[in-house]
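**Student:** So here's coords-v4.cif (mmCIF, C-alpha atoms and all ligand atoms).
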```
data_entry
#
loop_
_atom_site.label_atom_id
_atom_site.label_comp_id
_atom_site.auth_asym_id
_atom_site.auth_seq_id
_atom_site.Cartn_x
_atom_site.Cartn_y
_atom_site.Cartn_z
CA MET A 92 94.41 70.25 107.10
CA LYS A 93 92.30 71.80 109.81
CA ILE A 94 88.51 71.97 109.56
CA GLU A 95 88.57 75.70 110.29
CA TYR A 96 91.23 78.43 110.02
CA ASP A 97 91.62 81.82 111.63
CA ILE A 98 92.55 83.34 108.27
CA ILE A 99 92.20 82.09 104.69
CA VAL A 100 94.12 83.92 101.95
CA VAL A 101 92.85 83.43 98.38
CA GLY A 102 95.66 83.68 95.80
CA ALA A 103 99.39 83.09 96.22
CA GLY A 104 100.84 86.07 94.31
CA PRO A 105 103.17 88.54 96.06
CA ALA A 106 100.26 90.23 97.88
CA GLY A 107 98.75 86.94 99.09
CA SER A 108 102.06 85.51 100.26
CA MET A 109 102.84 88.64 102.28
CA ALA A 110 99.36 88.65 103.80
CA ALA A 111 99.75 84.98 104.77
CA ARG A 112 103.23 85.52 106.16
CA PHE A 113 102.47 88.61 108.26
CA ALA A 114 99.29 87.01 109.63
CA ALA A 115 101.07 83.74 110.46
CA GLU A 116 103.82 85.69 112.23
CA LYS A 117 101.17 86.75 114.75
CA GLY A 118 100.77 83.08 115.72
CA VAL A 119 97.31 82.48 114.22
CA SER A 120 96.30 79.65 111.84
CA VAL A 121 96.55 80.63 108.17
CA LEU A 122 95.76 78.76 104.96
CA MET A 123 96.61 80.17 101.50
CA LEU A 124 94.66 78.70 98.57
CA GLU A 125 96.01 78.97 95.01
CA LYS A 126 94.07 77.84 91.95
CA ASP A 127 97.11 77.03 89.79
CA ARG A 128 99.28 73.96 90.12
CA ASP A 129 102.44 76.01 90.78
CA VAL A 130 102.86 79.16 92.84
CA GLY A 131 104.30 81.89 90.57
CA TYR A 132 103.30 80.36 87.25
CA PRO A 133 102.05 81.45 84.73
CA VAL A 134 103.81 84.83 84.93
CA ARG A 135 102.04 87.91 83.53
CA CYS A 136 104.52 90.67 84.31
CA GLY A 137 107.37 92.85 83.01
CA GLU A 138 109.15 91.80 86.26
CA ALA A 139 110.79 95.17 87.04
CA ILE A 140 110.97 96.29 90.67
CA SER A 141 112.97 98.72 92.78
CA LYS A 142 115.59 97.35 95.13
CA ALA A 143 113.90 99.07 98.07
CA GLY A 144 110.58 97.45 97.10
CA VAL A 145 112.14 94.00 97.32
CA GLU A 146 114.32 94.47 100.35
CA GLU A 147 111.54 95.56 102.63
CA PHE A 148 110.42 91.92 102.50
CA ILE A 149 113.20 89.61 101.34
CA SER A 150 116.99 89.81 100.98
CA SER A 151 118.12 90.14 97.38
CA ASP A 152 119.16 86.81 95.91
CA GLU A 153 120.80 86.16 92.52
CA LYS A 154 118.62 83.06 92.18
CA TRP A 155 115.66 85.29 91.16
CA ILE A 156 117.45 88.35 89.78
CA THR A 157 117.96 88.33 86.01
CA ALA A 158 119.23 91.93 85.66
CA HIS A 159 120.58 94.65 87.95
CA ILE A 160 119.26 98.04 86.84
CA ASN A 161 121.33 101.25 86.95
CA LYS A 162 119.77 103.32 84.14
CA PHE A 163 116.46 104.38 82.61
CA SER A 164 116.41 105.18 78.90
CA LEU A 165 113.39 107.34 78.02
CA ASN A 166 112.71 107.42 74.29
CA SER A 167 110.62 110.08 72.56
CA PRO A 168 108.63 109.74 69.34
CA ASP A 169 111.31 111.45 67.18
CA GLY A 170 113.94 108.92 68.34
CA SER A 171 115.68 111.17 70.87
CA GLU A 172 116.74 109.43 74.06
CA ALA A 173 117.06 110.80 77.60
CA VAL A 174 119.12 108.61 79.92
CA VAL A 175 118.80 108.90 83.68
CA GLU A 176 121.35 107.06 85.82
CA PHE A 177 120.59 105.59 89.23
CA ASN A 178 123.01 103.36 90.99
CA ASP A 179 121.50 100.12 92.19
CA ALA A 180 117.96 101.22 91.28
CA GLY A 181 116.39 97.80 91.08
CA TYR A 182 116.03 94.51 89.32
CA VAL A 183 114.30 92.58 86.61
CA LEU A 184 113.09 89.48 88.41
CA GLU A 185 112.49 85.87 87.47
CA ARG A 186 109.03 85.99 89.02
CA ARG A 187 108.49 82.31 88.63
CA ILE A 188 111.20 81.81 91.28
CA PHE A 189 110.59 85.06 93.20
CA ASP A 190 106.89 84.36 93.87
CA TYR A 191 107.77 80.83 94.94
CA GLU A 192 110.37 82.16 97.41
CA LEU A 193 107.85 84.67 98.80
CA ALA A 194 105.38 81.83 99.38
CA LYS A 195 108.14 79.91 101.16
CA THR A 196 108.56 82.82 103.60
CA ALA A 197 104.84 82.52 104.38
CA ALA A 198 105.22 78.77 104.91
CA ASN A 199 108.26 79.34 107.13
CA ALA A 200 106.14 81.69 109.26
CA GLY A 201 103.62 78.85 109.74
CA ALA A 202 101.08 79.36 106.93
CA GLU A 203 99.71 76.29 105.16
CA ILE A 204 99.51 76.41 101.36
CA LEU A 205 97.26 74.41 99.07
CA THR A 206 97.66 74.65 95.28
CA ARG A 207 95.07 73.51 92.69
CA ALA A 208 92.43 74.88 95.05
CA TYR A 209 90.05 77.04 93.05
CA VAL A 210 87.89 79.30 95.24
CA ASN A 211 84.47 79.66 93.61
CA GLY A 212 82.38 81.28 96.34
CA LEU A 213 82.27 82.69 99.85
CA LEU A 214 80.44 81.50 102.94
CA ILE A 215 78.40 84.41 104.27
CA GLU A 216 76.34 84.44 107.48
CA ASN A 217 74.48 87.50 108.82
CA ASP A 218 76.14 89.69 106.18
CA LYS A 219 79.57 88.65 107.37
CA VAL A 220 82.07 86.60 105.35
CA CYS A 221 82.94 83.46 107.31
CA GLY A 222 84.75 81.16 104.90
CA VAL A 223 85.21 79.98 101.32
CA LYS A 224 83.82 77.42 98.90
CA TYR A 225 86.44 75.82 96.68
CA GLU A 226 87.06 73.04 94.24
CA TYR A 227 89.98 70.73 94.85
CA ARG A 228 90.79 67.79 92.57
CA GLY A 229 87.26 67.67 91.20
CA GLU A 230 85.58 67.85 94.62
CA GLN A 231 83.57 70.81 95.88
CA LYS A 232 84.49 71.76 99.48
CA GLU A 233 83.87 74.41 102.12
CA LEU A 234 86.13 75.83 104.83
CA LYS A 235 85.29 78.23 107.61
CA ALA A 236 87.53 81.15 108.60
CA LYS A 237 87.28 84.17 110.87
CA ILE A 238 88.77 86.38 108.15
CA VAL A 239 89.15 85.86 104.38
CA ILE A 240 91.80 87.89 102.55
CA GLY A 241 91.16 88.24 98.80
CA ALA A 242 94.52 88.33 96.98
CA ASP A 243 93.12 86.95 93.74
CA GLY A 244 94.69 89.45 91.37
CA VAL A 245 93.37 91.78 88.71
CA GLU A 246 90.45 89.52 87.80
CA SER A 247 89.43 89.27 91.45
CA ARG A 248 85.90 88.19 92.26
CA ILE A 249 86.28 87.84 96.03
CA GLY A 250 85.52 91.51 96.68
CA ARG A 251 82.41 91.48 94.50
CA TRP A 252 81.12 88.30 96.14
CA ALA A 253 81.58 90.00 99.51
CA GLY A 254 79.51 92.99 98.37
CA LEU A 255 82.40 95.46 97.94
CA LYS A 256 82.31 97.83 94.97
CA THR A 257 85.11 96.56 92.73
CA HIS A 258 84.03 98.16 89.46
CA ILE A 259 86.81 99.83 87.50
CA HIS A 260 86.32 102.28 84.64
CA PHE A 261 87.44 100.99 81.26
CA LYS A 262 89.85 103.91 80.77
CA ASP A 263 91.69 102.97 83.99
CA MET A 264 92.34 99.37 82.98
CA GLU A 265 95.61 99.29 81.07
CA CYS A 266 95.48 96.61 78.39
CA CYS A 267 98.92 95.02 78.17
CA ALA A 268 100.66 92.70 75.76
CA GLN A 269 104.18 91.39 76.18
CA VAL A 270 106.61 88.92 74.68
CA THR A 271 109.77 87.53 76.21
CA ALA A 272 112.16 87.32 73.29
CA SER A 273 115.77 86.29 72.78
CA ASN A 274 118.59 87.72 70.60
CA ILE A 275 117.73 91.21 71.89
CA LYS A 276 120.96 93.20 72.09
CA ILE A 277 120.45 95.94 74.68
CA ASP A 278 122.37 97.14 77.75
CA SER A 279 121.70 94.61 80.44
CA ASP A 280 121.51 97.28 83.18
CA THR A 281 118.99 99.60 81.49
CA LEU A 282 115.19 99.76 81.47
CA TYR A 283 114.02 101.20 78.13
CA PHE A 284 110.76 103.16 77.92
CA TYR A 285 109.13 104.50 74.74
CA PHE A 286 106.46 107.21 74.70
CA GLY A 287 104.16 108.57 72.03
CA GLN A 288 101.32 107.73 69.68
CA GLN A 289 103.20 105.20 67.58
CA TYR A 290 104.31 103.15 70.61
CA ALA A 291 101.59 103.29 73.24
CA PRO A 292 99.06 106.15 73.28
CA GLY A 293 98.00 106.94 76.83
CA GLY A 294 100.58 104.56 78.26
CA TYR A 295 104.14 103.46 77.57
CA PHE A 296 106.13 100.77 75.82
CA TRP A 297 108.92 98.93 77.64
CA VAL A 298 111.95 96.79 76.86
CA PHE A 299 113.32 95.27 80.07
CA PRO A 300 116.53 93.18 79.95
CA LYS A 301 116.48 89.69 81.44
CA GLY A 302 120.19 88.87 80.89
CA LYS A 303 121.72 86.69 78.15
CA ASN A 304 120.18 88.87 75.38
CA ILE A 305 116.68 88.05 76.57
CA ALA A 306 114.13 90.83 77.22
CA ASN A 307 110.54 91.41 78.25
CA ILE A 308 109.10 93.62 75.51
CA GLY A 309 105.62 94.97 75.95
CA LEU A 310 103.24 97.85 76.42
CA GLY A 311 100.17 99.06 78.21
CA VAL A 312 97.49 101.27 76.71
CA SER A 313 94.38 102.64 78.32
CA GLY A 314 91.26 100.51 77.84
CA MET A 315 89.79 103.31 75.70
CA VAL A 316 92.73 103.05 73.27
CA GLY A 317 92.71 99.25 73.41
CA LYS A 318 89.10 99.25 72.26
CA LYS A 319 90.13 100.87 68.97
CA ARG A 320 93.47 99.18 68.37
CA SER A 321 94.76 96.26 70.39
CA ALA A 322 97.93 96.38 72.48
CA LEU A 323 99.06 93.29 70.56
CA SER A 324 98.98 95.15 67.27
CA TYR A 325 101.29 97.89 68.69
CA LEU A 326 103.56 95.14 69.98
CA ASN A 327 103.68 93.32 66.63
CA ASN A 328 104.47 96.61 64.92
CA PHE A 329 107.40 97.28 67.29
CA MET A 330 108.75 93.75 66.90
CA ASP A 331 108.50 93.89 63.07
CA ASN A 332 110.32 97.24 62.98
CA ASN A 333 113.00 96.48 65.56
CA TYR A 334 113.44 92.76 66.10
CA PRO A 335 111.86 90.97 63.12
CA ALA A 336 113.91 87.79 63.56
CA ALA A 337 113.87 87.59 67.38
CA PRO A 338 112.66 84.20 68.64
CA VAL A 339 109.72 84.69 70.99
CA LEU A 340 109.88 82.50 74.09
CA THR A 341 106.58 83.51 75.73
CA SER A 342 103.71 85.74 74.82
CA ILE A 343 101.18 87.12 77.32
CA ALA A 344 98.33 89.57 77.63
CA GLY A 345 96.81 91.01 80.78
CA GLY A 346 95.25 93.98 82.51
CA VAL A 347 96.75 96.42 85.00
CA PRO A 348 94.30 98.44 87.10
CA SER A 349 96.11 101.80 86.84
CA THR A 350 93.99 103.84 89.16
CA VAL A 351 93.47 104.68 92.81
CA THR A 352 92.66 102.04 95.40
CA LEU A 353 89.05 100.92 95.83
CA LYS A 354 87.08 103.13 98.22
CA LYS A 355 86.54 100.24 100.62
CA ILE A 356 89.00 97.35 100.94
CA SER A 357 87.67 95.75 104.10
CA SER A 358 84.30 94.88 105.58
CA PRO A 359 83.22 92.33 108.22
CA GLY A 360 85.18 89.11 107.64
CA ILE A 361 86.89 90.27 104.42
CA MET A 362 89.98 92.21 103.30
CA LEU A 363 91.36 92.80 99.81
CA VAL A 364 95.05 93.15 98.91
CA GLY A 365 97.21 93.72 95.82
CA ASP A 366 95.59 94.02 92.38
CA ALA A 367 92.30 92.81 93.88
CA ALA A 368 92.23 96.01 95.98
CA ARG A 369 93.66 98.09 93.07
CA GLN A 370 96.87 98.80 94.97
CA VAL A 371 98.98 99.15 91.81
CA ASN A 372 101.10 102.31 91.44
CA PRO A 373 98.96 104.12 88.83
CA LEU A 374 101.89 106.06 87.38
CA SER A 375 104.25 103.15 86.67
CA GLY A 376 101.71 100.31 86.54
CA GLY A 377 103.98 98.43 88.96
CA GLY A 378 102.06 96.31 91.44
CA ILE A 379 104.55 93.84 92.89
CA ALA A 380 106.04 96.06 95.60
CA SER A 381 102.82 97.89 96.44
CA GLY A 382 100.92 94.58 96.54
CA MET A 383 103.47 93.21 99.02
CA ILE A 384 103.05 96.33 101.15
CA GLY A 385 99.23 96.03 101.05
CA GLY A 386 99.46 92.31 101.83
CA SER A 387 101.79 92.87 104.76
CA ILE A 388 99.55 95.54 106.31
CA ALA A 389 96.41 93.43 105.87
CA GLY A 390 98.11 90.27 107.20
CA ARG A 391 99.44 92.03 110.27
CA ILE A 392 96.09 93.65 111.08
CA ALA A 393 94.17 90.40 110.48
CA GLY A 394 96.56 88.51 112.76
CA GLU A 395 96.18 91.15 115.47
CA ALA A 396 92.38 91.07 115.15
CA VAL A 397 92.30 87.31 115.77
CA LYS A 398 94.80 87.53 118.61
CA MET A 399 92.81 90.30 120.33
CA ASN A 400 89.53 88.49 119.57
CA LYS A 401 88.34 91.80 118.16
CA LEU A 402 87.49 91.07 114.55
CA ASP A 403 86.27 94.63 113.88
CA HIS A 404 89.94 95.65 114.12
CA ILE A 405 90.28 94.64 110.42
CA LEU A 406 88.31 97.75 109.50
CA THR A 407 91.38 99.84 110.44
CA TYR A 408 93.14 98.41 107.37
CA ASP A 409 91.65 100.97 104.94
CA LYS A 410 93.15 103.88 106.88
CA ALA A 411 96.50 102.16 107.43
CA TRP A 412 96.84 101.48 103.68
CA HIS A 413 95.74 105.00 102.76
CA GLU A 414 98.38 106.52 105.02
CA ARG A 415 101.17 104.25 103.82
CA LEU A 416 100.57 104.38 100.02
CA GLY A 417 96.93 104.99 99.06
CA LYS A 418 97.20 108.76 99.45
CA ARG A 419 100.38 108.84 97.38
CA HIS A 420 98.71 106.79 94.64
CA GLU A 421 96.03 109.47 94.34
CA THR A 422 98.74 112.00 93.50
CA PHE A 423 100.46 109.54 91.13
CA GLU A 424 97.18 109.12 89.31
CA ARG A 425 96.89 112.84 88.68
CA ILE A 426 100.47 112.96 87.41
CA LYS A 427 99.75 109.98 85.15
CA ASN A 428 96.75 111.75 83.66
CA GLY A 429 98.98 114.75 82.91
CA ILE A 430 102.01 112.93 81.51
CA TYR A 431 100.28 110.21 79.49
CA ASN A 432 98.23 112.85 77.71
CA PHE A 433 101.32 114.70 76.47
CA SER A 434 101.44 115.13 72.71
CA ASP A 435 104.32 113.65 70.71
CA GLU A 436 105.73 117.18 70.29
CA LYS A 437 105.76 117.67 74.05
CA PHE A 438 107.66 114.39 74.64
CA ASN A 439 110.20 115.43 71.97
CA LYS A 440 110.63 118.88 73.51
CA ILE A 441 111.19 117.46 77.01
CA SER A 442 113.82 115.07 75.69
CA HIS A 443 115.66 117.80 73.75
CA SER A 444 115.65 120.21 76.72
CA PHE A 445 116.80 117.44 79.08
CA ASN A 446 119.71 116.50 76.82
CA LYS A 447 121.00 120.09 76.97
CA ILE A 448 121.62 119.63 80.71
CA PRO A 449 125.24 118.50 81.42
CA LYS A 450 125.39 114.70 81.54
CA ASP A 451 126.34 114.44 85.21
CA LYS A 452 123.32 116.58 86.18
CA ARG A 453 120.69 114.54 84.32
CA THR A 454 118.73 113.25 87.28
CA LEU A 455 115.09 112.17 87.53
CA GLY A 456 114.37 115.43 89.37
CA ARG A 457 115.78 117.45 86.44
CA LEU A 458 113.68 115.39 84.04
CA PHE A 459 110.53 116.19 86.01
CA THR A 460 111.51 119.86 86.10
CA THR A 461 111.87 119.81 82.33
CA ALA A 462 108.45 118.16 82.02
CA LEU A 463 107.02 120.83 84.29
CA ILE A 464 108.15 123.66 82.05
CA ASN A 465 105.89 122.01 79.48
CA GLN A 466 102.98 121.42 81.87
CA PRO A 467 103.21 123.82 84.84
CA SER A 468 99.92 122.59 86.33
CA LEU A 469 101.67 119.33 87.25
CA LEU A 470 103.90 121.20 89.67
CA VAL A 471 101.64 120.95 92.68
CA ASP A 472 101.06 117.23 92.23
CA ILE A 473 104.71 116.43 91.67
CA ALA A 474 105.76 118.51 94.65
CA LYS A 475 103.36 116.45 96.77
CA VAL A 476 104.98 113.18 95.68
CA PHE A 477 108.30 114.31 97.06
CA VAL A 478 107.08 115.85 100.28
CA ILE A 479 104.32 113.44 101.40
C1 LIG B 501 101.89 92.70 81.12
C2 LIG B 501 102.10 93.11 82.55
C3 LIG B 501 103.31 93.65 82.95
C4 LIG B 501 103.54 94.04 84.27
N1 LIG B 501 104.77 94.50 84.62
C5 LIG B 501 105.02 94.82 85.91
C6 LIG B 501 106.33 95.22 86.31
O1 LIG B 501 107.27 95.27 85.52
N2 LIG B 501 106.52 95.52 87.62
C7 LIG B 501 105.52 95.46 88.55
O2 LIG B 501 105.76 95.78 89.73
N3 LIG B 501 104.28 95.06 88.19
C8 LIG B 501 104.00 94.73 86.90
N4 LIG B 501 102.76 94.29 86.54
C9 LIG B 501 101.71 94.21 87.59
C10 LIG B 501 101.97 93.01 88.50
O3 LIG B 501 102.13 91.85 87.74
C11 LIG B 501 100.79 92.84 89.47
O4 LIG B 501 100.47 94.09 90.02
C12 LIG B 501 101.13 91.86 90.61
O5 LIG B 501 101.34 90.57 90.12
C13 LIG B 501 99.98 91.84 91.62
O6 LIG B 501 100.18 90.88 92.61
P1 LIG B 501 98.94 90.17 93.32
O7 LIG B 501 99.51 89.24 94.32
O8 LIG B 501 97.95 91.17 93.72
O9 LIG B 501 98.22 89.35 92.15
P2 LIG B 501 98.76 88.18 91.22
O10 LIG B 501 100.24 88.21 91.12
O11 LIG B 501 97.97 88.27 89.97
O12 LIG B 501 98.35 86.86 92.02
C14 LIG B 501 96.99 86.49 92.17
C15 LIG B 501 96.97 84.99 92.44
O13 LIG B 501 95.64 84.60 92.76
C16 LIG B 501 95.35 83.36 92.13
N5 LIG B 501 93.89 83.27 92.02
C17 LIG B 501 93.07 84.05 91.25
N6 LIG B 501 91.79 83.68 91.41
C18 LIG B 501 91.79 82.62 92.29
C19 LIG B 501 90.75 81.81 92.84
N7 LIG B 501 89.48 82.00 92.52
N8 LIG B 501 91.12 80.82 93.68
C20 LIG B 501 92.41 80.63 94.02
N9 LIG B 501 93.43 81.37 93.52
C21 LIG B 501 93.11 82.36 92.68
C22 LIG B 501 96.08 83.48 90.78
O14 LIG B 501 96.29 82.22 90.19
C23 LIG B 501 97.37 84.17 91.20
O15 LIG B 501 98.37 83.26 91.57
C24 LIG B 501 102.50 93.90 85.23
C25 LIG B 501 101.27 93.36 84.83
C26 LIG B 501 101.07 92.98 83.52
C27 LIG B 501 99.75 92.37 83.12
#
```
Please express the file's structure as structure tokens.

**Tutor:**
Amino acid sequence: MKIEYDIIVVGAGPAGSMAARFAAEKGVSVLMLEKDRDVGYPVRCGEAISKAGVEEFISSDEKWITAHINKFSLNSPDGSEAVVEFNDAGYVLERRIFDYELAKTAANAGAEILTRAYVNGLLIENDKVCGVKYEYRGEQKELKAKIVIGADGVESRIGRWAGLKTHIHFKDMECCAQVTASNIKIDSDTLYFYFGQQYAPGGYFWVFPKGKNIANIGLGVSGMVGKKRSALSYLNNFMDNNYPAAPVLTSIAGGVPSTVTLKKISSPGIMLVGDAARQVNPLSGGGIASGMIGGSIAGRIAGEAVKMNKLDHILTYDKAWHERLGKRHETFERIKNGIYNFSDEKFNKISHSFNKIPKDKRTLGRLFTTALINQPSLLVDIAKVFVI
């Protein structure tokens, strides 16, 4: 190991690995520190992602694909189902392998990786971040860097330590619970979503196939709902009603910051990426693809800043992210606030109207149009999503 690095990335999730890779590709020295023993484990994720989201960064590989997705099944409170078909829409991943492969792409680009390295503070001089403090195998250490990239996930502390405002309102933190269970007989190419008060008020419930009759089954509810009744209790209810005898292989809980990106995601010596920057798509709660995009932009800009010996260049990251996805997430958030507040009756009505459309015309666009008839004020926001 070197005694000083150009760039240190904290956290080896999808966002961190892409930041490390895109920085290393600029020919600067990069170290990625991960607190866990293994990159990619433990997994706290439903593991669904679009094909386009993956292929911007890595070629699809059966080694980490557990299901190929061609259909969405949207289920309303009265049991009616609206099915939307997409060919080759995306995948359910085996993130344990996927995250590992992403980290390998960073290593192949020249980044060094150190696991079991728990970052517990920042080095700050003259109000500028200039390195990290970390614990490795029981020893407290320090390492200097020109730029630190915080990719430390939803529970991130790097931003706060650097003086950035990372506070998130309780209502915007989706409380999630999920099991991976076997003996679940569902179509292996379909993502199932359930809406309504009984499943997930202010959020949605999902059943995502993982091949061989295995599925990720879980839900997210707004923090305000979670305060009154836990996500786990909704999950237990669903399992008791639908899969009472299904063996549960893993059980997880976690938060998803379903809101717009933090106002400031860079300041002298520091950049934030992925969940740490709140780069999750607020409508879907998906953060793998958007985290990789955020990581890649930050890594590229950080690498350029070092190469040009112009460290202030990192401050252009906020604008670059906003133009690529941040602006779009603001619109998604408004749509989320509209859709997730629909009453059960509204979800039922949308599903019934949608199912009257001839089968070969049931596209996502038609589904949105049907939703709009029920909530015309969403029109402007939805139109923006498609034209921006
Ligand atoms: C229940 C649930 C279901 C989800 N389902 C989906 C889904 O289906 N599709 C989707 O796209 N997204 C989903 N998400 C969101 C997705 O998991 C995250 O958005 C994504 O993992 C964010 O990537 P990241 O790299 O920012 O953070 P993470 O993947 O969380 O990685 C952060 C890394 O930083 C490390 N770290 C943290 N602190 C330190 C420290 N102090 N020192 C060193 N290392 C540290 C952690 O160990 C971890 O490896 C889901 C989330 C939850 C909770």

**Student:** Rank A:Lys126, A:Arg112, A:His260, A:Arg135 by their smallest atom-to-atom distance to A:Leu353, using all atoms listed in the file, and report the top residue only.

**Tutor:**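 Looking at the shortest contact to A:Leu353, the residue is A:His260.
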
**Student:** Mind checking which residues fall within 10 Å of A:Asn199, counting all atoms listed in the file, ignoring those fewer than 5 positions away in the same chain, and posting them as a PyMOL selection string?

**Tutor:** chain A and resi 112+115-116+193-194

**Student:** Just C-alpha atoms for this one: save the residues we selected as an mmCIF file, in the coordinates of the input.

**Tutor:**
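For reference, again.cif as written:
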```cif
data_model
loop_
_atom_site.group_PDB
_atom_site.id
_atom_site.type_symbol
_atom_site.label_atom_id
_atom_site.label_comp_id
_atom_site.auth_asym_id
_atom_site.auth_seq_id
_atom_site.Cartn_x
_atom_site.Cartn_y
_atom_site.Cartn_z
ATOM 1 C CA ARG A 112 103.230 85.520 106.160
ATOM 2 C CA ALA A 115 101.070 83.740 110.460
ATOM 3 C CA GLU A 116 103.820 85.690 112.230
ATOM 4 C CA LEU A 193 107.850 84.670 98.800
ATOM 5 C CA ALA A 194 105.380 81.830 99.380
#
```

**Student:** Please write out the residues within 6 Å of ligand LIG 501 (chain B) as a ChimeraX atom specification, counting all atoms listed in the file.

**Tutor:** /A:101-107,124-127,135-140,208-211,242-245,267-269,344-347,365-367,371,377-380,382

**Student:** Select, from A:Tyr334, A:Ser381, A:Thr461, A:Cys221, the residue with the minimum atom-to-atom distance to A:Lys447, counting only C-alpha atoms.

**Tutor:** A:Thr461

**Student:** Residues within 8 Å of A:Phe286, please, as a PyMOL selection string. Count only C-alpha atoms; anything in the same chain fewer than 2 positions from it doesn't count.

**Tutor:** chain A and resi 165-168+284+288+290-292+294-296+435+438

**Student:** What's around A:Val100 at 8 Å? Count only C-alpha atoms, leave out sequence neighbours fewer than 6 positions away in its own chain, and write the answer as a ChimeraX atom specification.

**Tutor:** /A:107,110-111,121-124,239-242

**Student:** Of the candidates A:Ala173, A:Ile249, A:Ala336, A:Met315, which one gets nearest to A:Gly293 if we count all atoms listed in the file?

**Tutor:**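 For A:Gly293, the nearest of the given residues is A:Met315.
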
**Student:** What is the atom CA of A:Glu95 to atom CA of A:Ile356 distance in Å?

**Tutor:**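 Distance between the two atoms: 23.6 Å.
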
**Student:** Could you tell me how far atom CA of A:Ile156 sits from atom CA of A:Tyr182, in Å to one decimal place?

**Tutor:**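 Separation between atom CA of A:Tyr182 and atom CA of A:Ile156: 6.3 Å.
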
**Student:** From the list A:Asp218, A:Asp190, A:Glu424, A:Asp280, which residue is nearest A:Thr352 when using all atoms listed in the file?

**Tutor:** A:Glu424

**Student:** Using only C-alpha atoms, which residues sit within 10 Å of A:Asn161 once same-chain residues fewer than 2 positions away are excluded, as a list in words?

**Tutor:**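 Using only C-alpha atoms, the neighbours found are Ala158, His159, Phe163, Val175, Glu176, Phe177, Asn178, Asp179, Ala180, Gly181, Tyr182, Ser279, Asp280, Thr281 and Leu282 of chain A.
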